[in-house]
file start27.cif (mmCIF, C-alpha atoms)
data_coords
#
loop_
_atom_site.label_atom_id
_atom_site.label_comp_id
_atom_site.auth_asym_id
_atom_site.auth_seq_id
_atom_site.Cartn_x
_atom_site.Cartn_y
_atom_site.Cartn_z
CA MET G 183 -17.19 12.65 -13.02
CA ASN G 184 -19.06 11.25 -10.08
CA ARG G 185 -22.45 9.53 -10.36
CA ARG G 186 -24.46 12.68 -9.63
CA GLN G 187 -22.60 14.60 -12.33
CA ARG G 188 -23.15 11.85 -14.89
CA GLN G 189 -26.90 12.02 -14.26
CA LYS G 190 -27.09 15.66 -15.27
CA MET G 191 -27.86 16.59 -18.82
CA ILE G 192 -26.09 19.39 -20.59
CA PRO G 193 -27.49 19.77 -24.13
CA SER G 194 -24.96 20.16 -26.91
CA THR G 195 -27.43 20.10 -29.82
CA TRP G 196 -30.78 21.86 -30.03
CA ILE G 197 -33.34 20.99 -32.68
CA ILE G 198 -36.49 22.90 -33.55
CA ALA G 199 -38.72 20.52 -35.48
CA ILE G 200 -41.43 22.13 -37.57
CA LYS G 201 -44.21 19.82 -38.70
CA GLN G 202 -46.34 21.19 -41.50
CA THR G 203 -49.88 19.87 -41.47
CA GLN G 204 -52.54 20.92 -43.94
CA ALA G 205 -54.04 23.42 -41.53
CA ARG G 206 -50.99 24.89 -39.73
CA LYS G 207 -47.49 24.41 -38.43
CA TYR G 208 -46.60 22.55 -35.23
CA TYR G 209 -43.35 23.27 -33.34
CA ALA G 210 -41.33 21.04 -31.02
CA LEU G 211 -37.99 21.67 -29.31
CA TYR G 212 -35.50 18.86 -28.75
CA ALA G 213 -32.27 18.87 -26.74
CA ILE G 214 -29.57 16.23 -27.19
CA ASP G 215 -26.59 15.60 -24.93
CA TRP G 216 -24.27 13.47 -27.08
CA LYS G 217 -21.78 12.82 -24.27
CA ARG G 218 -24.33 11.27 -21.91
CA GLY G 219 -26.71 9.89 -24.52
CA ALA G 220 -29.61 11.91 -23.16
CA ARG G 221 -32.43 13.79 -24.83
CA LEU G 222 -35.34 15.98 -23.77
CA SER G 223 -38.26 17.43 -25.66
CA TRP G 224 -40.79 20.19 -25.25
CA GLU G 225 -43.77 19.98 -27.61
CA GLY G 226 -47.10 21.58 -28.28
CA TRP G 227 -46.66 24.99 -29.91
CA ASN G 228 -48.64 26.20 -32.87
CA SER G 229 -46.75 29.49 -33.00
CA LEU G 230 -43.01 30.08 -33.20
CA ALA G 231 -43.45 33.27 -31.14
CA ASP G 232 -44.94 31.25 -28.26
CA LEU G 233 -42.09 28.74 -28.44
CA LEU G 234 -39.49 31.52 -28.30
CA LYS G 235 -41.08 32.90 -25.10
CA PHE G 236 -40.84 29.53 -23.32
CA HIS G 237 -38.18 29.34 -20.58
CA ILE G 238 -36.18 26.11 -20.71
CA PRO G 239 -34.59 24.73 -17.53
CA ILE G 240 -30.94 23.92 -18.28
CA LYS G 241 -27.79 23.09 -16.35
CA ARG G 242 -24.96 25.60 -16.42
CA LYS G 243 -22.13 23.08 -16.22
CA THR G 244 -21.53 19.48 -15.26
CA GLY G 245 -20.12 20.13 -11.79
CA GLY G 246 -22.52 22.94 -10.95
CA THR G 247 -25.46 22.71 -8.60
CA LYS G 248 -27.59 25.46 -10.09
CA THR G 249 -30.28 24.94 -12.66
CA THR G 250 -31.38 28.06 -14.45
CA SER G 251 -33.90 28.77 -17.12
CA GLN G 252 -33.16 30.34 -20.45
CA PRO G 253 -35.62 31.67 -23.01
CA ALA G 254 -35.90 29.52 -26.10
CA ALA G 255 -35.15 32.63 -28.16
CA LYS G 256 -31.49 32.39 -27.09
CA ILE G 257 -31.36 28.72 -27.98
CA ALA G 258 -33.08 29.30 -31.33
CA LYS G 259 -29.99 31.13 -32.59
CA LYS G 260 -27.90 27.96 -32.44
CA ALA G 261 -30.64 25.37 -33.07
CA LEU G 262 -30.97 23.18 -36.12
CA TYR G 263 -34.28 23.68 -37.90
CA LEU G 264 -35.88 20.56 -39.34
CA HIS G 265 -38.88 21.09 -41.61
CA LEU G 266 -40.74 17.79 -41.53
CA ASP G 267 -43.93 16.36 -42.92
CA GLU G 268 -46.14 14.13 -40.78
CA THR G 269 -44.32 10.92 -41.74
CA GLN G 270 -40.88 12.38 -41.02
CA PHE G 271 -42.12 13.80 -37.71
CA GLY G 272 -43.37 10.31 -36.81
CA GLU G 273 -39.87 8.97 -37.53
CA LEU G 274 -38.41 11.63 -35.23
CA GLU G 275 -40.79 10.67 -32.42
CA GLN G 276 -39.92 6.98 -32.84
CA LEU G 277 -36.22 7.83 -32.74
CA PHE G 278 -36.75 9.88 -29.61
CA TYR G 279 -38.33 6.99 -27.69
CA GLN G 280 -35.89 4.27 -28.81
CA PRO G 281 -32.67 3.52 -26.91
CA PHE G 282 -30.15 6.26 -27.69
CA SER G 283 -28.04 5.70 -30.79
CA LYS G 284 -25.68 8.46 -31.99
CA LYS G 285 -25.49 6.90 -35.43
CA GLN G 286 -29.29 6.91 -35.93
CA TRP G 287 -29.64 10.47 -34.62
CA ARG G 288 -26.81 11.81 -36.76
CA SER G 289 -28.10 10.12 -39.90
CA PHE G 290 -31.63 11.46 -39.29
CA ILE G 291 -30.27 14.98 -38.73
CA ASP G 292 -28.02 14.76 -41.80
CA VAL G 293 -30.89 13.65 -44.03
CA HIS G 294 -33.35 16.29 -42.83
CA SER G 295 -31.15 19.28 -41.94
CA ASN G 296 -30.78 20.54 -45.50
CA ASN G 297 -33.97 22.54 -44.92
CA HIS G 298 -32.53 25.31 -42.69
CA MET G 299 -34.61 28.42 -42.01
#

call {"tool": "encode", "arguments": {"input": "start27.cif", "output": "structure tokens"}}
result
Amino acid sequence: MNRRQRQKMIPSTWIIAIKQTQARKYYALYAIDWKRGARLSWEGWNSLADLLKFHIPIKRKTGGTKTTSQPAAKIAKKALYLHLDETQFGELEQLFYQPFSKKQWRSFIDVHSNNHM
């Protein structure tokens, strides 16, 4: 891969984090590219229906030049669903902003992914 190709992100894992507060649910979408150690997030939905309508810009392949958008509804089929309380969601946000560590991400996902939808 050349330098330009290494800078692209191609997500291999999608996570839909659902934070339950006392009043309502809060949804966030995370994308992780394990090969390049990259991650992206889209946050701010109070409704799963609104999240599923959102179009996510993604790369088709590493060598490609085109960026397309895909509705989150397609991604939701293969996403991991993490049902988190406020403390766990805070841990996820801290993990997101730390330097990338596969071991920390995988252990967090393993601990919290037993709550599939």

call {"tool": "closest_residue", "arguments": {"input": "start27.cif", "among": "G:Ser251, G:Phe278, G:Ala258, G:His265", "to": "G:Ala231", "atoms": "only C-alpha atoms"}}
result
G:Ala258

call {"tool": "atom_distance", "arguments": {"input": "start27.cif", "atom1": "atom CA of G:Leu277", "atom2": "atom CA of G:Lys235"}}
result
26.7 Å

call {"tool": "residues_around", "arguments": {"input": "start27.cif", "residues": "G:Trp287", "least_positions_apart": "5", "cutoff": "12 Å", "atoms": "all atoms listed in the file", "output": "compact mmCIF listing (two decimals) with C-alpha atoms, in the coordinates of the input"}}
result
# COMPACT_ATOMS: atom_id res chain seq x y z
CA THR G 195 -27.43 20.10 -29.82
CA ILE G 197 -33.34 20.99 -32.68
CA TYR G 212 -35.50 18.86 -28.75
CA ALA G 213 -32.27 18.87 -26.74
CA ILE G 214 -29.57 16.23 -27.19
CA ASP G 215 -26.59 15.60 -24.93
CA TRP G 216 -24.27 13.47 -27.08
CA GLY G 219 -26.71 9.89 -24.52
CA ALA G 220 -29.61 11.91 -23.16
CA ARG G 221 -32.43 13.79 -24.83
CA GLU G 273 -39.87 8.97 -37.53
CA LEU G 274 -38.41 11.63 -35.23
CA GLU G 275 -40.79 10.67 -32.42
CA GLN G 276 -39.92 6.98 -32.84
CA LEU G 277 -36.22 7.83 -32.74
CA PHE G 278 -36.75 9.88 -29.61
CA TYR G 279 -38.33 6.99 -27.69
CA GLN G 280 -35.89 4.27 -28.81
CA PRO G 281 -32.67 3.52 -26.91
CA PHE G 282 -30.15 6.26 -27.69
CA ASP G 292 -28.02 14.76 -41.80
CA VAL G 293 -30.89 13.65 -44.03
CA HIS G 294 -33.35 16.29 -42.83
CA SER G 295 -31.15 19.28 -41.94

call {"tool": "closest_residue", "arguments": {"input": "start27.cif", "among": "G:Ile238, G:Leu211, G:Lys217, G:Lys285", "to": "G:Ser194", "atoms": "all atoms listed in the file"}}
result
G:Lys217

call {"tool": "atom_distance", "arguments": {"input": "start27.cif", "atom1": "atom CA of G:Leu264", "atom2": "atom CA of G:Ile291"}}
result
7.9 Å

call {"tool": "closest_residue", "arguments": {"input": "start27.cif", "among": "G:Arg218, G:Gln286, G:Asn228, G:Ile192", "to": "G:Ala205", "atoms": "only C-alpha atoms"}}
result
G:Asn228

call {"tool": "build_atoms", "arguments": {"input": "start27.cif", "residues": "stretch 263-285 of chain G", "atoms": "N, CA and C atoms", "output": "mmCIF file, in the frame of the given file"}}
result
data_model
loop_
_atom_site.group_PDB
_atom_site.id
_atom_site.type_symbol
_atom_site.label_atom_id
_atom_site.label_comp_id
_atom_site.auth_asym_id
_atom_site.auth_seq_id
_atom_site.Cartn_x
_atom_site.Cartn_y
_atom_site.Cartn_z
ATOM 1 N N TYR G 263 -32.870 23.643 -37.543
ATOM 2 C CA TYR G 263 -34.280 23.680 -37.900
ATOM 3 C C TYR G 263 -34.558 22.533 -38.859
ATOM 4 N N LEU G 264 -35.487 21.669 -38.480
ATOM 5 C CA LEU G 264 -35.880 20.560 -39.340
ATOM 6 C C LEU G 264 -37.321 20.775 -39.772
ATOM 7 N N HIS G 265 -37.536 20.946 -41.060
ATOM 8 C CA HIS G 265 -38.880 21.090 -41.610
ATOM 9 C C HIS G 265 -39.336 19.703 -42.037
ATOM 10 N N LEU G 266 -40.329 19.179 -41.340
ATOM 11 C CA LEU G 266 -40.740 17.790 -41.530
ATOM 12 C C LEU G 266 -42.203 17.695 -41.916
ATOM 13 N N ASP G 267 -42.523 16.661 -42.696
ATOM 14 C CA ASP G 267 -43.930 16.360 -42.920
ATOM 15 C C ASP G 267 -44.381 15.395 -41.821
ATOM 16 N N GLU G 268 -45.613 14.957 -41.870
ATOM 17 C CA GLU G 268 -46.140 14.130 -40.780
ATOM 18 C C GLU G 268 -45.412 12.790 -40.660
ATOM 19 N N THR G 269 -45.031 12.191 -41.767
ATOM 20 C CA THR G 269 -44.320 10.920 -41.740
ATOM 21 C C THR G 269 -42.930 11.082 -41.129
ATOM 22 N N GLN G 270 -42.220 12.119 -41.548
ATOM 23 C CA GLN G 270 -40.880 12.380 -41.020
ATOM 24 C C GLN G 270 -40.941 12.714 -39.529
ATOM 25 N N PHE G 271 -41.969 13.467 -39.122
ATOM 26 C CA PHE G 271 -42.120 13.800 -37.710
ATOM 27 C C PHE G 271 -42.389 12.535 -36.898
ATOM 28 N N GLY G 272 -43.144 11.595 -37.458
ATOM 29 C CA GLY G 272 -43.370 10.310 -36.810
ATOM 30 C C GLY G 272 -42.068 9.543 -36.630
ATOM 31 N N GLU G 273 -41.186 9.606 -37.636
ATOM 32 C CA GLU G 273 -39.870 8.970 -37.530
ATOM 33 C C GLU G 273 -39.057 9.601 -36.401
ATOM 34 N N LEU G 274 -39.126 10.924 -36.291
ATOM 35 C CA LEU G 274 -38.410 11.630 -35.230
ATOM 36 C C LEU G 274 -38.927 11.210 -33.856
ATOM 37 N N GLU G 275 -40.228 11.103 -33.702
ATOM 38 C CA GLU G 275 -40.790 10.670 -32.420
ATOM 39 C C GLU G 275 -40.387 9.240 -32.089
ATOM 40 N N GLN G 276 -40.367 8.350 -33.073
ATOM 41 C CA GLN G 276 -39.920 6.980 -32.840
ATOM 42 C C GLN G 276 -38.461 6.956 -32.412
ATOM 43 N N LEU G 277 -37.641 7.742 -33.077
ATOM 44 C CA LEU G 277 -36.220 7.830 -32.740
ATOM 45 C C LEU G 277 -36.031 8.346 -31.325
ATOM 46 N N PHE G 278 -36.867 9.286 -30.935
ATOM 47 C CA PHE G 278 -36.750 9.880 -29.610
ATOM 48 C C PHE G 278 -37.018 8.852 -28.502
ATOM 49 N N TYR G 279 -37.950 7.941 -28.734
ATOM 50 C CA TYR G 279 -38.330 6.990 -27.690
ATOM 51 C C TYR G 279 -37.595 5.648 -27.767
ATOM 52 N N GLN G 280 -36.712 5.478 -28.746
ATOM 53 C CA GLN G 280 -35.890 4.270 -28.810
ATOM 54 C C GLN G 280 -34.660 4.460 -27.936
ATOM 55 N N PRO G 281 -33.953 3.360 -27.615
ATOM 56 C CA PRO G 281 -32.670 3.520 -26.910
ATOM 57 C C PRO G 281 -31.752 4.432 -27.732
ATOM 58 N N PHE G 282 -30.966 5.233 -27.041
ATOM 59 C CA PHE G 282 -30.150 6.260 -27.690
ATOM 60 C C PHE G 282 -29.093 5.649 -28.599
ATOM 61 N N SER G 283 -29.039 6.137 -29.819
ATOM 62 C CA SER G 283 -28.040 5.700 -30.790
ATOM 63 C C SER G 283 -27.529 6.939 -31.539
ATOM 64 N N LYS G 284 -26.262 7.291 -31.312
ATOM 65 C CA LYS G 284 -25.680 8.460 -31.990
ATOM 66 C C LYS G 284 -25.768 8.323 -33.500
ATOM 67 N N LYS G 285 -25.509 7.123 -33.985
ATOM 68 C CA LYS G 285 -25.490 6.900 -35.430
ATOM 69 C C LYS G 285 -26.870 7.179 -36.045
#
